[in-house]
Amino acid sequence: MRDLFTKDRALVGVVHLQALPGTPHNTLNPQQIVEQALAEAEILTESGFDAIILENMHDRPYLKESVGPEVVATMSRVCCEARKITTLPLGIQVLAGANRQALAVAHAGGADFVRVEGYLFGHLADEGYIDASAGELLRYRKMIGAERVRVLCDVKKKHSSHALTEDVTLAETVKAAEFFSADGVVVTGVATGAETGVDDLEEAVEASSLPVWVGSGVTLDNLDLYRRAHGLIVGSWTKEEGDWRRPVDPERCARLVKAFQGESGA
């Protein structure tokens, strides 16, 4: 992941695509979904973010480990169009745990990385049991010729129970991710918008040589807590009133980037 960026720390904004075709809350046609996503991607680019992740957050309730061709097709279209308007590294996440589909979208659309869940060890999520996928996913990446697409995996991820792996520490999980050829790991709080524990970040950083990203709860007020993170993924705080369901707010984006660049010495 480090070779995607010119700086030691990256600030990554999230575009939550509006509910996609066939999902319960869908109200927009594909063209409208593309236009809104591009508008938000442009705001993040102009504000000075270092990368963007496109995610189907509004598709709740999520399917488990797979999505239909209508979702893959629409996300691929958004990715292709986003690639035309920004030179920033682009990431793809397809909920929930639809990791092969995310990789396919990234490969087809020219994105640079995928954020995946259920990469190693199993966990019980909102959607049900999500099993490990590293072996199948990396073989699929090889098969379709997408080795350039990096894999960033969540460890002990949010919205999940990890009772099955209670005897496996976060550090051991991160070491396993490195052994299983992940390109980076993401640590999170317990839910979307929930602050990531500083102790968890420290434990993950010390456990391996992989880049460690913070994946939830980043705000203007706690940037300083995450100085050791290689990347900060911000989805909720950049939205109007800090609500992930609202549109991206240019003023909040500008404030966050200014603070982040000040702390990073940029």
# chains A, B, ... in the order shown; residues from 1 in each chain; ligands from 1
>>> residues_around(residues="stretch 227-242 of chain A", least_positions_apart="5", cutoff="6 Å", atoms="only C-alpha atoms", output="short mmCIF file (atom, residue, chain, number, x, y, z; two decimals) with N, CA and C atoms, in the first residue's frame")
data_model
loop_
_atom_site.label_atom_id
_atom_site.label_comp_id
_atom_site.auth_asym_id
_atom_site.auth_seq_id
_atom_site.Cartn_x
_atom_site.Cartn_y
_atom_site.Cartn_z
N ARG A 9 1.65 9.22 5.68
CA ARG A 9 0.29 9.06 6.19
C ARG A 9 -0.69 9.52 5.13
N ALA A 10 -1.79 8.79 4.99
CA ALA A 10 -2.79 9.11 3.97
C ALA A 10 -4.13 9.38 4.62
N LEU A 11 -4.84 10.38 4.10
CA LEU A 11 -6.19 10.68 4.52
C LEU A 11 -7.13 10.24 3.41
N VAL A 12 -8.01 9.30 3.73
CA VAL A 12 -8.84 8.65 2.72
C VAL A 12 -10.31 8.97 2.95
N GLY A 13 -10.94 9.56 1.97
CA GLY A 13 -12.35 9.88 2.06
C GLY A 13 -13.20 8.78 1.46
N VAL A 14 -14.43 8.66 1.96
CA VAL A 14 -15.33 7.61 1.49
C VAL A 14 -16.53 8.22 0.77
N GLY A 193 -18.62 4.87 12.60
CA GLY A 193 -18.53 6.12 13.35
C GLY A 193 -17.98 5.98 14.75
N PRO A 211 1.30 -1.96 6.57
CA PRO A 211 0.65 -0.68 6.86
C PRO A 211 -0.64 -0.91 7.64
N VAL A 212 -0.89 -0.06 8.63
CA VAL A 212 -2.10 -0.19 9.46
C VAL A 212 -2.95 1.06 9.26
N TRP A 213 -4.20 0.85 8.90
CA TRP A 213 -5.13 1.95 8.67
C TRP A 213 -6.20 1.95 9.75
N VAL A 214 -6.64 3.14 10.12
CA VAL A 214 -7.76 3.29 11.05
C VAL A 214 -9.03 3.42 10.21
N GLY A 215 -10.03 2.59 10.52
CA GLY A 215 -11.19 2.50 9.64
C GLY A 215 -12.50 2.98 10.18
N VAL A 218 -12.81 8.40 12.99
CA VAL A 218 -11.88 9.51 12.85
C VAL A 218 -12.67 10.82 12.76
N THR A 219 -12.26 11.79 13.57
CA THR A 219 -12.90 13.11 13.59
C THR A 219 -11.85 14.20 13.62
N PRO A 247 -25.05 13.90 2.49
CA PRO A 247 -24.02 14.15 1.46
C PRO A 247 -22.71 14.64 2.07
N VAL A 248 -21.64 14.50 1.31
CA VAL A 248 -20.34 15.02 1.72
C VAL A 248 -20.42 16.54 1.85
N ASP A 249 -19.83 17.07 2.92
CA ASP A 249 -19.86 18.50 3.23
C ASP A 249 -18.51 19.12 2.89
N ARG A 252 -16.60 20.79 5.92
CA ARG A 252 -16.04 19.84 6.88
C ARG A 252 -14.82 19.14 6.28
N CYS A 253 -14.88 18.82 4.99
CA CYS A 253 -13.73 18.20 4.32
C CYS A 253 -12.51 19.12 4.38
#
>>> residues_around(residues="A:Ile53", least_positions_apart="4", cutoff="9 Å", atoms="only C-alpha atoms", output="ChimeraX atom specification")
/A:12-16,89-93,113-115,233
>>> write_last_selection(atoms="N, CA and C atoms", output="PDB file, in the first residue's frame")
ATOM      1  N   VAL A  12      -8.012   9.305   3.732  1.00  0.00           N
ATOM      2  CA  VAL A  12      -8.839   8.648   2.718  1.00  0.00           C
ATOM      3  C   VAL A  12     -10.306   8.971   2.953  1.00  0.00           C
ATOM      4  N   GLY A  13     -10.940   9.562   1.966  1.00  0.00           N
ATOM      5  CA  GLY A  13     -12.353   9.880   2.062  1.00  0.00           C
ATOM      6  C   GLY A  13     -13.204   8.784   1.461  1.00  0.00           C
ATOM      7  N   VAL A  14     -14.429   8.663   1.957  1.00  0.00           N
ATOM      8  CA  VAL A  14     -15.334   7.609   1.489  1.00  0.00           C
ATOM      9  C   VAL A  14     -16.534   8.224   0.766  1.00  0.00           C
ATOM     10  N   VAL A  15     -16.824   7.688  -0.403  1.00  0.00           N
ATOM     11  CA  VAL A  15     -18.062   8.011  -1.116  1.00  0.00           C
ATOM     12  C   VAL A  15     -19.015   6.847  -0.903  1.00  0.00           C
ATOM     13  N   HIS A  16     -20.079   7.099  -0.155  1.00  0.00           N
ATOM     14  CA  HIS A  16     -21.104   6.075   0.054  1.00  0.00           C
ATOM     15  C   HIS A  16     -22.105   6.170  -1.092  1.00  0.00           C
ATOM     16  N   PRO A  89      -5.505   7.689  -5.738  1.00  0.00           N
ATOM     17  CA  PRO A  89      -5.744   6.252  -5.602  1.00  0.00           C
ATOM     18  C   PRO A  89      -7.207   5.993  -5.267  1.00  0.00           C
ATOM     19  N   LEU A  90      -7.783   4.999  -5.918  1.00  0.00           N
ATOM     20  CA  LEU A  90      -9.185   4.649  -5.698  1.00  0.00           C
ATOM     21  C   LEU A  90      -9.276   3.268  -5.056  1.00  0.00           C
ATOM     22  N   GLY A  91     -10.179   3.154  -4.089  1.00  0.00           N
ATOM     23  CA  GLY A  91     -10.440   1.872  -3.459  1.00  0.00           C
ATOM     24  C   GLY A  91     -11.890   1.473  -3.646  1.00  0.00           C
ATOM     25  N   ILE A  92     -12.166   0.185  -3.527  1.00  0.00           N
ATOM     26  CA  ILE A  92     -13.514  -0.359  -3.671  1.00  0.00           C
ATOM     27  C   ILE A  92     -13.809  -1.248  -2.473  1.00  0.00           C
ATOM     28  N   GLN A  93     -15.003  -1.085  -1.883  1.00  0.00           N
ATOM     29  CA  GLN A  93     -15.506  -2.052  -0.917  1.00  0.00           C
ATOM     30  C   GLN A  93     -16.936  -2.395  -1.293  1.00  0.00           C
ATOM     31  N   PHE A 113      -7.024  -0.410  -5.079  1.00  0.00           N
ATOM     32  CA  PHE A 113      -7.059  -1.327  -3.950  1.00  0.00           C
ATOM     33  C   PHE A 113      -8.491  -1.672  -3.597  1.00  0.00           C
ATOM     34  N   VAL A 114      -8.644  -2.750  -2.836  1.00  0.00           N
ATOM     35  CA  VAL A 114      -9.948  -3.125  -2.296  1.00  0.00           C
ATOM     36  C   VAL A 114      -9.826  -3.211  -0.783  1.00  0.00           C
ATOM     37  N   ARG A 115     -10.904  -2.849  -0.106  1.00  0.00           N
ATOM     38  CA  ARG A 115     -11.014  -3.072   1.332  1.00  0.00           C
ATOM     39  C   ARG A 115     -11.944  -4.259   1.514  1.00  0.00           C
ATOM     40  N   ILE A 233      -9.198   6.358   7.327  1.00  0.00           N
ATOM     41  CA  ILE A 233     -10.366   6.282   6.451  1.00  0.00           C
ATOM     42  C   ILE A 233     -11.518   7.001   7.140  1.00  0.00           C
TER      43      ILE A 233
END
>>> residues_around(residues="A:Ala111", least_positions_apart="6", cutoff="10 Å", atoms="only C-alpha atoms", output="number ranges by chain")
A: 52-54, 76, 79-80, 82-83, 88-92, 102-105, 148-150
>>> closest_residue(among="A:His107, A:Arg60, A:Arg100, A:His159", to="A:Ser133", atoms="only C-alpha atoms")
A:Arg100
>>> atom_distance(atom1="atom CA of A:Ala191", atom2="atom CA of A:Thr86")
29.4 Å
>>> atom_distance(atom1="atom CA of A:Ser216", atom2="atom CA of A:Val190")
8.5 Å
>>> closest_residue(among="A:Glu42, A:Glu203, A:Asp50, A:Asp183", to="A:Phe5", atoms="only C-alpha atoms")
A:Asp50
>>> residues_around(residues="A:Glu147", least_positions_apart="4", cutoff="9 Å", atoms="only C-alpha atoms", output="JSON, numbers by chain")
{"A": [138, 141, 142]}
>>> select_by_dssp(residues="stretch 33-205 of chain A", states="helix (DSSP H, G or I)", output="VMD selection string")
chain A and resid 33 to 47 57 to 59 69 to 85 99 to 109 134 to 143 163 to 165 170 to 179 198 to 205
>>> residues_around(residues="A:Ala207", least_positions_apart="4", cutoff="7 Å", atoms="only C-alpha atoms", output="PyMOL selection string")
chain A and resi 171+174-175+203
>>> write_last_selection(atoms="C-alpha atoms", output="tab-separated table (two decimals), in the first residue's frame")
chain	number	residue	atom	x	y	z
A	171	ALA	CA	-1.59	-8.86	17.15
A	174	VAL	CA	-2.37	-8.96	12.06
A	175	LYS	CA	0.57	-11.37	11.85
A	203	GLU	CA	-0.91	-3.30	18.98
>>> closest_residue(among="A:Arg246, A:Asn222, A:Thr87, A:Val198", to="A:Gly48", atoms="only C-alpha atoms")
A:Thr87
>>> residues_around(residues="A:His25", least_positions_apart="2", cutoff="12 Å", atoms="only C-alpha atoms", output="count of residues only")
17
>>> select_by_dssp(residues="stretch 58-233 of chain A", states="strand (DSSP E or B)", output="number ranges by chain")
A: 90-93, 113-116, 123-125, 128-130, 150-154, 160-161, 184-187, 212-214, 231-233
>>> write_last_selection(atoms="C-alpha atoms", output="PDB file, in the first residue's frame")
ATOM      1  CA  LEU A  90      -9.185   4.649  -5.698  1.00  0.00           C
ATOM      2  CA  GLY A  91     -10.440   1.872  -3.459  1.00  0.00           C
ATOM      3  CA  ILE A  92     -13.514  -0.359  -3.671  1.00  0.00           C
ATOM      4  CA  GLN A  93     -15.506  -2.052  -0.917  1.00  0.00           C
ATOM      5  CA  PHE A 113      -7.059  -1.327  -3.950  1.00  0.00           C
ATOM      6  CA  VAL A 114      -9.948  -3.125  -2.296  1.00  0.00           C
ATOM      7  CA  ARG A 115     -11.014  -3.072   1.332  1.00  0.00           C
ATOM      8  CA  VAL A 116     -12.230  -6.522   2.319  1.00  0.00           C
ATOM      9  CA  HIS A 123     -16.613 -13.929  12.371  1.00  0.00           C
ATOM     10  CA  LEU A 124     -20.314 -13.511  13.036  1.00  0.00           C
ATOM     11  CA  ALA A 125     -21.586 -10.309  11.441  1.00  0.00           C
ATOM     12  CA  GLY A 128     -24.552 -13.993   9.462  1.00  0.00           C
ATOM     13  CA  TYR A 129     -21.367 -16.029   9.546  1.00  0.00           C
ATOM     14  CA  ILE A 130     -18.674 -14.712   7.186  1.00  0.00           C
ATOM     15  CA  ARG A 150      -3.815  -4.235  -3.426  1.00  0.00           C
ATOM     16  CA  VAL A 151      -5.832  -5.961  -0.722  1.00  0.00           C
ATOM     17  CA  LEU A 152      -6.498  -4.033   2.474  1.00  0.00           C
ATOM     18  CA  CYS A 153      -8.203  -6.265   5.036  1.00  0.00           C
ATOM     19  CA  ASP A 154     -10.179  -5.540   8.187  1.00  0.00           C
ATOM     20  CA  SER A 160     -19.243  -8.246  14.330  1.00  0.00           C
ATOM     21  CA  SER A 161     -18.830 -10.759  17.126  1.00  0.00           C
ATOM     22  CA  GLY A 184      -2.372  -3.770   4.679  1.00  0.00           C
ATOM     23  CA  VAL A 185      -4.807  -4.056   7.573  1.00  0.00           C
ATOM     24  CA  VAL A 186      -7.637  -1.924   8.942  1.00  0.00           C
ATOM     25  CA  VAL A 187      -8.488  -1.615  12.636  1.00  0.00           C
ATOM     26  CA  VAL A 212      -2.095  -0.185   9.458  1.00  0.00           C
ATOM     27  CA  TRP A 213      -5.125   1.949   8.667  1.00  0.00           C
ATOM     28  CA  VAL A 214      -7.759   3.290  11.045  1.00  0.00           C
ATOM     29  CA  GLY A 231      -3.922   5.764   6.706  1.00  0.00           C
ATOM     30  CA  LEU A 232      -7.098   7.263   8.147  1.00  0.00           C
ATOM     31  CA  ILE A 233     -10.366   6.282   6.451  1.00  0.00           C
TER      32      ILE A 233
END
>>> closest_residue(among="A:Val94, A:Ala108, A:Ala51, A:Glu35", to="A:Leu63", atoms="only C-alpha atoms")
A:Val94
>>> closest_residue(among="A:Ala37, A:Glu251, A:Phe121, A:Glu195", to="A:Thr173", atoms="only C-alpha atoms")
A:Phe121
>>> atom_distance(atom1="atom CA of A:Lys84", atom2="atom CA of A:Gly109")
10.0 Å
>>> residues_around(residues="A:Thr196", least_positions_apart="4", cutoff="6 Å", atoms="only C-alpha atoms", output="MDAnalysis selection string")
chainID A and resid 188:189 216:217
>>> write_last_selection(atoms="N, CA and C atoms", output="mmCIF file, in the first residue's frame")
data_model
loop_
_atom_site.group_PDB
_atom_site.id
_atom_site.type_symbol
_atom_site.label_atom_id
_atom_site.label_comp_id
_atom_site.auth_asym_id
_atom_site.auth_seq_id
_atom_site.Cartn_x
_atom_site.Cartn_y
_atom_site.Cartn_z
ATOM 1 N N THR A 188 -10.684 -1.039 13.529
ATOM 2 C CA THR A 188 -11.884 -0.227 13.657
ATOM 3 C C THR A 188 -12.393 -0.236 15.092
ATOM 4 N N GLY A 189 -13.394 0.613 15.328
ATOM 5 C CA GLY A 189 -14.169 0.543 16.553
ATOM 6 C C GLY A 189 -15.242 -0.526 16.402
ATOM 7 N N SER A 216 -12.524 3.573 11.386
ATOM 8 C CA SER A 216 -13.788 4.133 11.879
ATOM 9 C C SER A 216 -13.516 5.145 12.982
ATOM 10 N N GLY A 217 -14.425 6.096 13.095
ATOM 11 C CA GLY A 217 -14.412 7.025 14.218
ATOM 12 C C GLY A 217 -13.429 8.167 14.137
#
